[in-house]
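Novice: Below is the file entry_9.csv, with CSV, N, CA and C atoms.
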chain,number,residue,atom,x,y,z
Q,276,MET,N,104.6,69.1,88.8
Q,276,MET,CA,104.3,68.5,90.1
Q,276,MET,C,103.1,69.2,90.7
Q,277,ASP,N,102.3,68.5,91.4
Q,277,ASP,CA,101.2,69.1,92.2
Q,277,ASP,C,101.8,70.0,93.3
Q,278,PRO,N,101.4,71.3,93.4
Q,278,PRO,CA,101.9,72.2,94.4
Q,278,PRO,C,101.7,71.7,95.8
Q,279,PHE,N,100.6,71.0,96.0
Q,279,PHE,CA,100.3,70.4,97.3
Q,279,PHE,C,101.3,69.4,97.8
Q,280,ILE,N,101.8,68.6,96.8
Q,280,ILE,CA,102.8,67.6,97.2
Q,280,ILE,C,104.1,68.3,97.5
Q,281,ALA,N,104.5,69.3,96.7
Q,281,ALA,CA,105.7,70.0,96.9
Q,281,ALA,C,105.7,70.7,98.3
Q,282,ARG,N,104.5,71.3,98.6
Q,282,ARG,CA,104.4,72.0,99.9
Q,282,ARG,C,104.5,70.9,101.1
Q,283,ALA,N,103.9,69.8,100.9
Q,283,ALA,CA,104.0,68.7,101.9
Q,283,ALA,C,105.5,68.3,102.1
Q,284,ASN,N,106.2,68.1,100.9
Q,284,ASN,CA,107.6,67.7,101.0
Q,284,ASN,C,108.4,68.8,101.7
Q,285,ILE,N,108.1,70.1,101.4
Q,285,ILE,CA,108.8,71.2,102.1
Q,285,ILE,C,108.6,71.1,103.6
Q,286,ASP,N,107.3,71.0,104.0
Q,286,ASP,CA,107.0,70.9,105.4
Q,286,ASP,C,107.7,69.7,106.1
Q,287,HIS,N,107.8,68.6,105.4
Q,287,HIS,CA,108.5,67.5,105.9
Q,287,HIS,C,110.0,67.7,106.1
Q,288,CYS,N,110.6,68.3,105.1
Q,288,CYS,CA,112.0,68.7,105.1
Q,288,CYS,C,112.3,69.7,106.3
Q,289,LEU,N,111.4,70.7,106.5
Q,289,LEU,CA,111.6,71.6,107.6
Q,289,LEU,C,111.5,70.9,108.9
Q,290,ASP,N,110.6,70.0,109.0
Q,290,ASP,CA,110.5,69.2,110.3
Q,290,ASP,C,111.7,68.5,110.6
Q,291,LEU,N,112.3,67.9,109.5
Q,291,LEU,CA,113.6,67.1,109.7
Q,291,LEU,C,114.7,68.1,110.1
Q,292,LEU,N,114.7,69.2,109.5
Q,292,LEU,CA,115.8,70.2,109.7
Q,292,LEU,C,115.7,70.8,111.1
Q,293,LYS,N,114.5,70.9,111.7
Q,293,LYS,CA,114.4,71.5,113.0
Q,293,LYS,C,114.5,70.5,114.1
Q,294,ALA,N,114.5,69.2,113.8
Q,294,ALA,CA,114.6,68.2,114.8
Q,294,ALA,C,116.0,68.1,115.3
Q,295,SER,N,116.2,68.1,116.6
Q,295,SER,CA,117.5,68.1,117.2
Q,295,SER,C,118.3,66.8,117.0
Q,296,ASP,N,117.5,65.7,116.7
Q,296,ASP,CA,118.2,64.4,116.6
Q,296,ASP,C,118.5,64.1,115.1
Q,297,THR,N,118.3,65.0,114.2
Q,297,THR,CA,118.6,64.7,112.8
Q,297,THR,C,120.1,64.9,112.6
Q,298,PRO,N,120.9,63.9,112.2
Q,298,PRO,CA,122.3,64.0,112.0
Q,298,PRO,C,122.7,65.0,110.9
Q,299,ASP,N,123.8,65.6,111.1
Q,299,ASP,CA,124.3,66.7,110.1
Q,299,ASP,C,124.3,66.1,108.7
Q,300,SER,N,124.7,64.9,108.5
Q,300,SER,CA,124.8,64.3,107.1
Q,300,SER,C,123.4,64.2,106.5
Q,301,THR,N,122.4,63.9,107.3
Q,301,THR,CA,121.0,63.8,106.9
Q,301,THR,C,120.5,65.2,106.6
Q,302,LYS,N,120.9,66.2,107.4
Q,302,LYS,CA,120.5,67.6,107.2
Q,302,LYS,C,121.0,68.1,105.9
Q,303,ALA,N,122.2,67.8,105.5
Q,303,ALA,CA,122.7,68.2,104.2
Q,303,ALA,C,121.9,67.7,103.1
Q,304,THR,N,121.6,66.4,103.1
Q,304,THR,CA,120.7,65.8,102.1
Q,304,THR,C,119.3,66.4,102.1
Q,305,VAL,N,118.8,66.6,103.2
Q,305,VAL,CA,117.4,67.2,103.3
Q,305,VAL,C,117.4,68.6,102.8
Q,306,THR,N,118.5,69.3,103.0
Q,306,THR,CA,118.6,70.7,102.5
Q,306,THR,C,118.6,70.7,101.0
Q,307,LYS,N,119.3,69.7,100.4
Q,307,LYS,CA,119.3,69.6,98.9
Q,307,LYS,C,117.9,69.3,98.4
Q,308,VAL,N,117.2,68.4,99.1
Q,308,VAL,CA,115.8,68.1,98.7
Q,308,VAL,C,114.9,69.3,98.9
Q,309,LEU,N,115.1,70.0,100.0
Q,309,LEU,CA,114.3,71.2,100.2
Q,309,LEU,C,114.5,72.3,99.1
Q,310,ILE,N,115.7,72.5,98.7
Q,310,ILE,CA,116.0,73.4,97.6
Q,310,ILE,C,115.4,73.0,96.3
Q,311,GLU,N,115.4,71.7,96.0
Q,311,GLU,CA,114.8,71.2,94.8
Q,311,GLU,C,113.3,71.4,94.8
Q,312,GLU,N,112.7,71.1,96.0
Q,312,GLU,CA,111.3,71.2,96.1
Q,312,GLU,C,110.8,72.7,95.9
Q,313,GLU,N,111.6,73.6,96.5
Q,313,GLU,CA,111.3,75.0,96.4
Q,313,GLU,C,111.5,75.5,94.9
Q,314,ARG,N,112.5,74.9,94.3
Q,314,ARG,CA,112.7,75.3,92.9
Q,314,ARG,C,111.5,74.9,92.0
Q,315,LYS,N,111.0,73.7,92.3
Q,315,LYS,CA,109.8,73.2,91.6
Q,315,LYS,C,108.6,74.1,91.7
Q,316,LEU,N,108.5,74.8,92.8
Q,316,LEU,CA,107.4,75.7,93.0
Q,316,LEU,C,107.5,77.0,92.2
Q,317,GLY,N,108.7,77.3,91.8
Q,317,GLY,CA,109.0,78.4,90.9
Q,317,GLY,C,108.7,79.7,91.6
Q,318,HIS,N,108.3,80.7,90.7
Q,318,HIS,CA,108.2,82.1,91.1
Q,318,HIS,C,106.7,82.6,91.3
Q,319,GLU,N,105.8,81.7,91.3
Q,319,GLU,CA,104.4,82.1,91.4
Q,319,GLU,C,104.2,82.8,92.7
Q,320,ARG,N,103.3,83.8,92.7
Q,320,ARG,CA,103.0,84.6,93.9
Q,320,ARG,C,102.5,83.8,95.0
Q,321,GLU,N,101.6,82.8,94.7
Q,321,GLU,CA,101.0,82.0,95.7
Q,321,GLU,C,102.1,81.2,96.5
Q,322,GLN,N,103.1,80.7,95.7
Q,322,GLN,CA,104.2,79.9,96.3
Q,322,GLN,C,105.1,80.8,97.2
Q,323,LEU,N,105.3,82.1,96.7
Q,323,LEU,CA,106.0,83.0,97.5
Q,323,LEU,C,105.3,83.3,98.8
Q,324,GLU,N,104.0,83.5,98.8
Q,324,GLU,CA,103.3,83.7,100.0
Q,324,GLU,C,103.4,82.5,101.0
Q,325,PHE,N,103.4,81.3,100.4
Q,325,PHE,CA,103.6,80.1,101.2
Q,325,PHE,C,105.0,80.1,101.9
Q,326,ALA,N,106.0,80.4,101.1
Q,326,ALA,CA,107.3,80.4,101.6
Q,326,ALA,C,107.5,81.5,102.7
Q,327,GLU,N,106.9,82.6,102.5
Q,327,GLU,CA,107.0,83.7,103.4
Q,327,GLU,C,106.3,83.4,104.7
Q,328,SER,N,105.2,82.6,104.6
Q,328,SER,CA,104.5,82.2,105.9
Q,328,SER,C,105.4,81.3,106.7
Q,329,ARG,N,106.1,80.4,105.9
Q,329,ARG,CA,107.0,79.5,106.6
Q,329,ARG,C,108.2,80.2,107.2
Q,330,ALA,N,108.7,81.2,106.5
Q,330,ALA,CA,109.8,82.0,107.1
Q,330,ALA,C,109.3,82.7,108.4
Q,331,MET,N,108.1,83.3,108.4
Q,331,MET,CA,107.6,83.9,109.6
Q,331,MET,C,107.5,82.9,110.7
Q,332,ALA,N,107.0,81.8,110.4
Q,332,ALA,CA,106.8,80.7,111.5
Q,332,ALA,C,108.2,80.3,112.0
Q,333,CYS,N,109.2,80.3,111.2
Q,333,CYS,CA,110.6,79.9,111.6
Q,333,CYS,C,111.1,81.0,112.5
Q,334,ARG,N,110.9,82.3,112.1
Q,334,ARG,CA,111.4,83.4,112.9
Q,334,ARG,C,110.7,83.4,114.3
Q,335,GLU,N,109.4,83.2,114.3
Q,335,GLU,CA,108.7,83.1,115.6
Q,335,GLU,C,109.2,82.0,116.5
Q,336,ARG,N,109.4,80.8,115.9
Q,336,ARG,CA,109.9,79.7,116.6
Q,336,ARG,C,111.3,80.0,117.2
Q,337,ALA,N,112.2,80.7,116.4
Q,337,ALA,CA,113.5,81.0,116.9
Q,337,ALA,C,113.3,82.0,118.1
Q,338,GLU,N,112.4,83.0,118.0
Q,338,GLU,CA,112.2,84.0,119.0
Q,338,GLU,C,111.7,83.3,120.3
Q,339,ARG,N,110.8,82.4,120.2
Q,339,ARG,CA,110.3,81.6,121.4
Q,339,ARG,C,111.4,80.9,122.0
Q,340,GLN,N,112.3,80.2,121.2
Q,340,GLN,CA,113.4,79.5,121.7
Q,340,GLN,C,114.4,80.4,122.4
Q,341,ARG,N,114.6,81.6,121.8
Q,341,ARG,CA,115.5,82.6,122.4
Q,341,ARG,C,115.0,83.0,123.8
Q,342,ARG,N,113.7,83.2,124.0
Q,342,ARG,CA,113.2,83.5,125.3
Q,342,ARG,C,113.3,82.4,126.3
Q,343,LEU,N,113.1,81.2,125.8
Q,343,LEU,CA,113.2,80.0,126.6
Q,343,LEU,C,114.7,79.8,127.0
Q,344,THR,N,115.6,80.0,126.1
Q,344,THR,CA,117.0,79.9,126.4
Q,344,THR,C,117.4,80.9,127.5
Q,345,ASP,N,117.0,82.1,127.3
Q,345,ASP,CA,117.3,83.1,128.3
Q,345,ASP,C,116.8,82.9,129.7
Q,346,SER,N,115.7,82.0,129.8
Q,346,SER,CA,115.1,81.7,131.1
Q,346,SER,C,116.0,80.7,131.9
Q,347,PHE,N,116.9,80.0,131.3
Q,347,PHE,CA,117.7,79.0,132.0
Q,347,PHE,C,119.0,79.7,132.6
Q,348,GLU,N,119.4,79.1,133.6
Q,348,GLU,CA,120.6,79.5,134.3
Q,348,GLU,C,121.9,79.4,133.4
Q,349,PRO,N,122.6,80.5,133.2
Q,349,PRO,CA,123.8,80.4,132.4
Q,349,PRO,C,124.7,79.3,132.8
Q,350,GLY,N,125.2,78.5,131.8
Q,350,GLY,CA,126.1,77.4,132.1
Q,350,GLY,C,125.4,76.1,132.4
Q,351,SER,N,124.1,76.1,132.6
Q,351,SER,CA,123.4,74.9,133.0
Q,351,SER,C,123.2,74.0,131.8
Q,352,LEU,N,123.0,72.7,132.0
Q,352,LEU,CA,122.8,71.8,130.9
Q,352,LEU,C,121.6,72.2,130.1
Q,353,GLN,N,120.5,72.6,130.8
Q,353,GLN,CA,119.3,73.0,130.0
Q,353,GLN,C,119.6,74.2,129.1
Q,354,ARG,N,120.4,75.1,129.6
Q,354,ARG,CA,120.8,76.3,128.8
Q,354,ARG,C,121.6,75.9,127.6
Q,355,ARG,N,122.5,75.0,127.8
Q,355,ARG,CA,123.4,74.5,126.6
Q,355,ARG,C,122.5,73.8,125.6
Q,356,GLN,N,121.6,73.0,126.1
Q,356,GLN,CA,120.7,72.3,125.1
Q,356,GLN,C,119.8,73.3,124.4
Q,357,ALA,N,119.3,74.2,125.1
Q,357,ALA,CA,118.4,75.2,124.5
Q,357,ALA,C,119.2,76.1,123.5
Q,358,GLU,N,120.4,76.4,123.8
Q,358,GLU,CA,121.2,77.2,122.9
Q,358,GLU,C,121.5,76.4,121.6
Q,359,SER,N,121.7,75.2,121.8
Q,359,SER,CA,122.0,74.3,120.6
Q,359,SER,C,120.8,74.3,119.7
Q,360,LEU,N,119.6,74.2,120.3
Q,360,LEU,CA,118.4,74.2,119.5
Q,360,LEU,C,118.1,75.6,118.9
Q,361,LEU,N,118.4,76.6,119.6
Q,361,LEU,CA,118.3,78.0,119.1
Q,361,LEU,C,119.1,78.2,117.9
Q,362,ILE,N,120.3,77.7,117.9
Q,362,ILE,CA,121.2,77.8,116.8
Q,362,ILE,C,120.6,77.2,115.5
Q,363,SER,N,120.0,76.0,115.7
Q,363,SER,CA,119.3,75.3,114.6
Q,363,SER,C,118.2,76.1,114.1
Q,364,PHE,N,117.3,76.6,115.0
Q,364,PHE,CA,116.2,77.4,114.6
Q,364,PHE,C,116.6,78.7,113.9
Q,365,GLU,N,117.6,79.3,114.4
Q,365,GLU,CA,118.1,80.6,113.7
Q,365,GLU,C,118.6,80.3,112.3
Q,366,TRP,N,119.4,79.2,112.2
Q,366,TRP,CA,119.9,78.8,110.9
Q,366,TRP,C,118.8,78.5,109.9
Q,367,LEU,N,117.8,77.8,110.4
Q,367,LEU,CA,116.6,77.4,109.5
Q,367,LEU,C,115.9,78.7,109.1
Q,368,ALA,N,115.7,79.6,110.0
Q,368,ALA,CA,115.0,80.9,109.7
Q,368,ALA,C,115.8,81.6,108.6
Q,369,LYS,N,117.1,81.7,108.8
Q,369,LYS,CA,117.9,82.4,107.8
Q,369,LYS,C,117.9,81.7,106.4
Q,370,PHE,N,117.9,80.4,106.5
Q,370,PHE,CA,117.8,79.6,105.2
Q,370,PHE,C,116.5,79.9,104.5
Q,371,ILE,N,115.4,79.8,105.2
Q,371,ILE,CA,114.1,80.0,104.6
Q,371,ILE,C,114.0,81.4,104.1
Q,372,GLU,N,114.5,82.4,104.9
Q,372,GLU,CA,114.4,83.8,104.4
Q,372,GLU,C,115.2,84.0,103.1
Q,373,GLY,N,116.4,83.3,103.1
Q,373,GLY,CA,117.2,83.4,101.8
Q,373,GLY,C,116.4,82.8,100.6
Q,374,ALA,N,115.7,81.7,100.9
Q,374,ALA,CA,114.9,81.2,99.8
Q,374,ALA,C,113.8,82.1,99.4
Q,375,CYS,N,113.2,82.8,100.3
Q,375,CYS,CA,112.2,83.8,100.0
Q,375,CYS,C,112.8,85.0,99.2
Q,376,VAL,N,114.0,85.4,99.5
Q,376,VAL,CA,114.6,86.5,98.8
Q,376,VAL,C,114.8,86.1,97.3
Q,377,GLN,N,115.2,84.8,97.1
Q,377,GLN,CA,115.4,84.3,95.7
Q,377,GLN,C,114.1,84.3,95.0
Q,378,MET,N,113.0,83.8,95.7
Q,378,MET,CA,111.7,83.7,95.1
Q,378,MET,C,111.2,85.1,94.7
Q,379,ARG,N,111.4,86.1,95.6
Q,379,ARG,CA,111.0,87.4,95.3
Q,379,ARG,C,111.7,88.0,94.1
Q,380,ARG,N,113.0,87.7,94.0
Q,380,ARG,CA,113.7,88.2,92.8
Q,380,ARG,C,113.1,87.6,91.5
Q,381,LYS,N,112.8,86.3,91.6
Q,381,LYS,CA,112.2,85.6,90.4
Q,381,LYS,C,110.9,86.2,90.1
Q,382,ALA,N,110.1,86.4,91.1
Q,382,ALA,CA,108.7,86.9,91.0
Q,382,ALA,C,108.7,88.3,90.4
Q,383,ASN,N,109.8,89.1,90.7
Q,383,ASN,CA,109.9,90.5,90.2
Q,383,ASN,C,110.7,90.6,89.0
Q,384,GLY,N,110.9,89.5,88.3
Q,384,GLY,CA,111.7,89.5,87.1
Q,384,GLY,C,113.2,89.8,87.3
Q,385,GLY,N,113.7,89.3,88.4
Q,385,GLY,CA,115.1,89.5,88.7
Q,385,GLY,C,115.5,90.8,89.3
Q,386,LEU,N,114.5,91.6,89.6
Q,386,LEU,CA,114.7,92.9,90.2
Q,386,LEU,C,114.4,92.9,91.7
Q,387,LEU,N,115.3,93.4,92.5
Q,387,LEU,CA,115.0,93.6,93.9
Q,387,LEU,C,116.2,94.2,94.6
Would it be possible to restate this file's structure as structure tokens?
Specialist:
Amino acid sequence: MDPFIARANIDHCLDLLKASDTPDSTKATVTKVLIEEERKLGHEREQLEFAESRAMACRERAERQRRLTDSFEPGSLQRRQAESLLISFEWLAKFIEGACVQMRRKANGGLL
């Protein structure tokens, strides 16, 4: 498969996973598709760099959301909504980082 297409598919999956209106059942399916697309990319260094850049972007997004969440009054509707989104962003960042760890292991011949 063309790496460009796989990357585009991964970006699309990430967009769906970070959207607050994506149902949990859809997120489960999208996660499976995301794992399969990442598997297709294999252990090439270029692909690892791509995944790591996405992981960094996810961590930055979660940090921005954490600061925004902290700016709202505790117990307010805005705070609850922001906290919900923060949970999604943090989960996504951990998921992508986990995929990076697996890709690093493959790239290093199973060592890490």
Novice: So, with only C-alpha atoms as the atoms that count, which of Q:Leu292, Q:Val376, Q:Ala303, Q:Met331 lies closest to Leu360 (chain Q)?
Specialist: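 Using only C-alpha atoms, the shortest distance to Leu360 (chain Q) belongs to Q:Leu292.
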Novice: Using DSSP secondary structure from the backbone, list all alpha helix (DSSP H) positions within chain Q, as a ChimeraX atom specification.
Specialist: /Q:278-293,299-316,320-346,352-382
Novice: Considering all atoms listed in the file, state which residue in the set Q:Glu312, Q:Ala294, Q:Asp299, Q:Ala368 is at the smallest distance from Ala332 (chain Q).
Specialist: Q:Ala368
Novice: Starting from the incomplete input, reconstruct N, CA, C and O atoms of region 350-364 of chain Q and write that as a PDB file, in the frame of the given file.
Specialist:
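Listing of out_12.pdb after writing:
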ATOM      1  N   GLY Q 350     125.200  78.500 131.800  1.00  0.00           N
ATOM      2  CA  GLY Q 350     126.100  77.400 132.100  1.00  0.00           C
ATOM      3  C   GLY Q 350     125.400  76.100 132.400  1.00  0.00           C
ATOM      4  O   GLY Q 350     126.071  75.040 132.493  1.00  0.00           O
ATOM      5  N   SER Q 351     124.100  76.100 132.600  1.00  0.00           N
ATOM      6  CA  SER Q 351     123.400  74.900 133.000  1.00  0.00           C
ATOM      7  C   SER Q 351     123.200  74.000 131.800  1.00  0.00           C
ATOM      8  O   SER Q 351     123.329  74.434 130.621  1.00  0.00           O
ATOM      9  N   LEU Q 352     123.000  72.700 132.000  1.00  0.00           N
ATOM     10  CA  LEU Q 352     122.800  71.800 130.900  1.00  0.00           C
ATOM     11  C   LEU Q 352     121.600  72.200 130.100  1.00  0.00           C
ATOM     12  O   LEU Q 352     121.617  72.129 128.861  1.00  0.00           O
ATOM     13  N   GLN Q 353     120.500  72.600 130.800  1.00  0.00           N
ATOM     14  CA  GLN Q 353     119.300  73.000 130.000  1.00  0.00           C
ATOM     15  C   GLN Q 353     119.600  74.200 129.100  1.00  0.00           C
ATOM     16  O   GLN Q 353     119.124  74.282 128.003  1.00  0.00           O
ATOM     17  N   ARG Q 354     120.400  75.100 129.600  1.00  0.00           N
ATOM     18  CA  ARG Q 354     120.800  76.300 128.800  1.00  0.00           C
ATOM     19  C   ARG Q 354     121.600  75.900 127.600  1.00  0.00           C
ATOM     20  O   ARG Q 354     121.337  76.368 126.482  1.00  0.00           O
ATOM     21  N   ARG Q 355     122.500  75.000 127.800  1.00  0.00           N
ATOM     22  CA  ARG Q 355     123.400  74.500 126.600  1.00  0.00           C
ATOM     23  C   ARG Q 355     122.500  73.800 125.600  1.00  0.00           C
ATOM     24  O   ARG Q 355     122.680  74.039 124.403  1.00  0.00           O
ATOM     25  N   GLN Q 356     121.600  73.000 126.100  1.00  0.00           N
ATOM     26  CA  GLN Q 356     120.700  72.300 125.100  1.00  0.00           C
ATOM     27  C   GLN Q 356     119.800  73.300 124.400  1.00  0.00           C
ATOM     28  O   GLN Q 356     119.590  73.170 123.198  1.00  0.00           O
ATOM     29  N   ALA Q 357     119.300  74.200 125.100  1.00  0.00           N
ATOM     30  CA  ALA Q 357     118.400  75.200 124.500  1.00  0.00           C
ATOM     31  C   ALA Q 357     119.200  76.100 123.500  1.00  0.00           C
ATOM     32  O   ALA Q 357     118.643  76.446 122.473  1.00  0.00           O
ATOM     33  N   GLU Q 358     120.400  76.400 123.800  1.00  0.00           N
ATOM     34  CA  GLU Q 358     121.200  77.200 122.900  1.00  0.00           C
ATOM     35  C   GLU Q 358     121.500  76.400 121.600  1.00  0.00           C
ATOM     36  O   GLU Q 358     121.502  77.019 120.554  1.00  0.00           O
ATOM     37  N   SER Q 359     121.700  75.200 121.800  1.00  0.00           N
ATOM     38  CA  SER Q 359     122.000  74.300 120.600  1.00  0.00           C
ATOM     39  C   SER Q 359     120.800  74.300 119.700  1.00  0.00           C
ATOM     40  O   SER Q 359     120.874  74.461 118.458  1.00  0.00           O
ATOM     41  N   LEU Q 360     119.600  74.200 120.300  1.00  0.00           N
ATOM     42  CA  LEU Q 360     118.400  74.200 119.500  1.00  0.00           C
ATOM     43  C   LEU Q 360     118.100  75.600 118.900  1.00  0.00           C
ATOM     44  O   LEU Q 360     117.691  75.687 117.750  1.00  0.00           O
ATOM     45  N   LEU Q 361     118.400  76.600 119.600  1.00  0.00           N
ATOM     46  CA  LEU Q 361     118.300  78.000 119.100  1.00  0.00           C
ATOM     47  C   LEU Q 361     119.100  78.200 117.900  1.00  0.00           C
ATOM     48  O   LEU Q 361     118.682  78.785 116.931  1.00  0.00           O
ATOM     49  N   ILE Q 362     120.300  77.700 117.900  1.00  0.00           N
ATOM     50  CA  ILE Q 362     121.200  77.800 116.800  1.00  0.00           C
ATOM     51  C   ILE Q 362     120.600  77.200 115.500  1.00  0.00           C
ATOM     52  O   ILE Q 362     120.575  77.739 114.453  1.00  0.00           O
ATOM     53  N   SER Q 363     120.000  76.000 115.700  1.00  0.00           N
ATOM     54  CA  SER Q 363     119.300  75.300 114.600  1.00  0.00           C
ATOM     55  C   SER Q 363     118.200  76.100 114.100  1.00  0.00           C
ATOM     56  O   SER Q 363     117.962  76.242 112.898  1.00  0.00           O
ATOM     57  N   PHE Q 364     117.300  76.600 115.000  1.00  0.00           N
ATOM     58  CA  PHE Q 364     116.200  77.400 114.600  1.00  0.00           C
ATOM     59  C   PHE Q 364     116.600  78.700 113.900  1.00  0.00           C
ATOM     60  O   PHE Q 364     115.941  79.047 112.898  1.00  0.00           O
TER      61      PHE Q 364
END
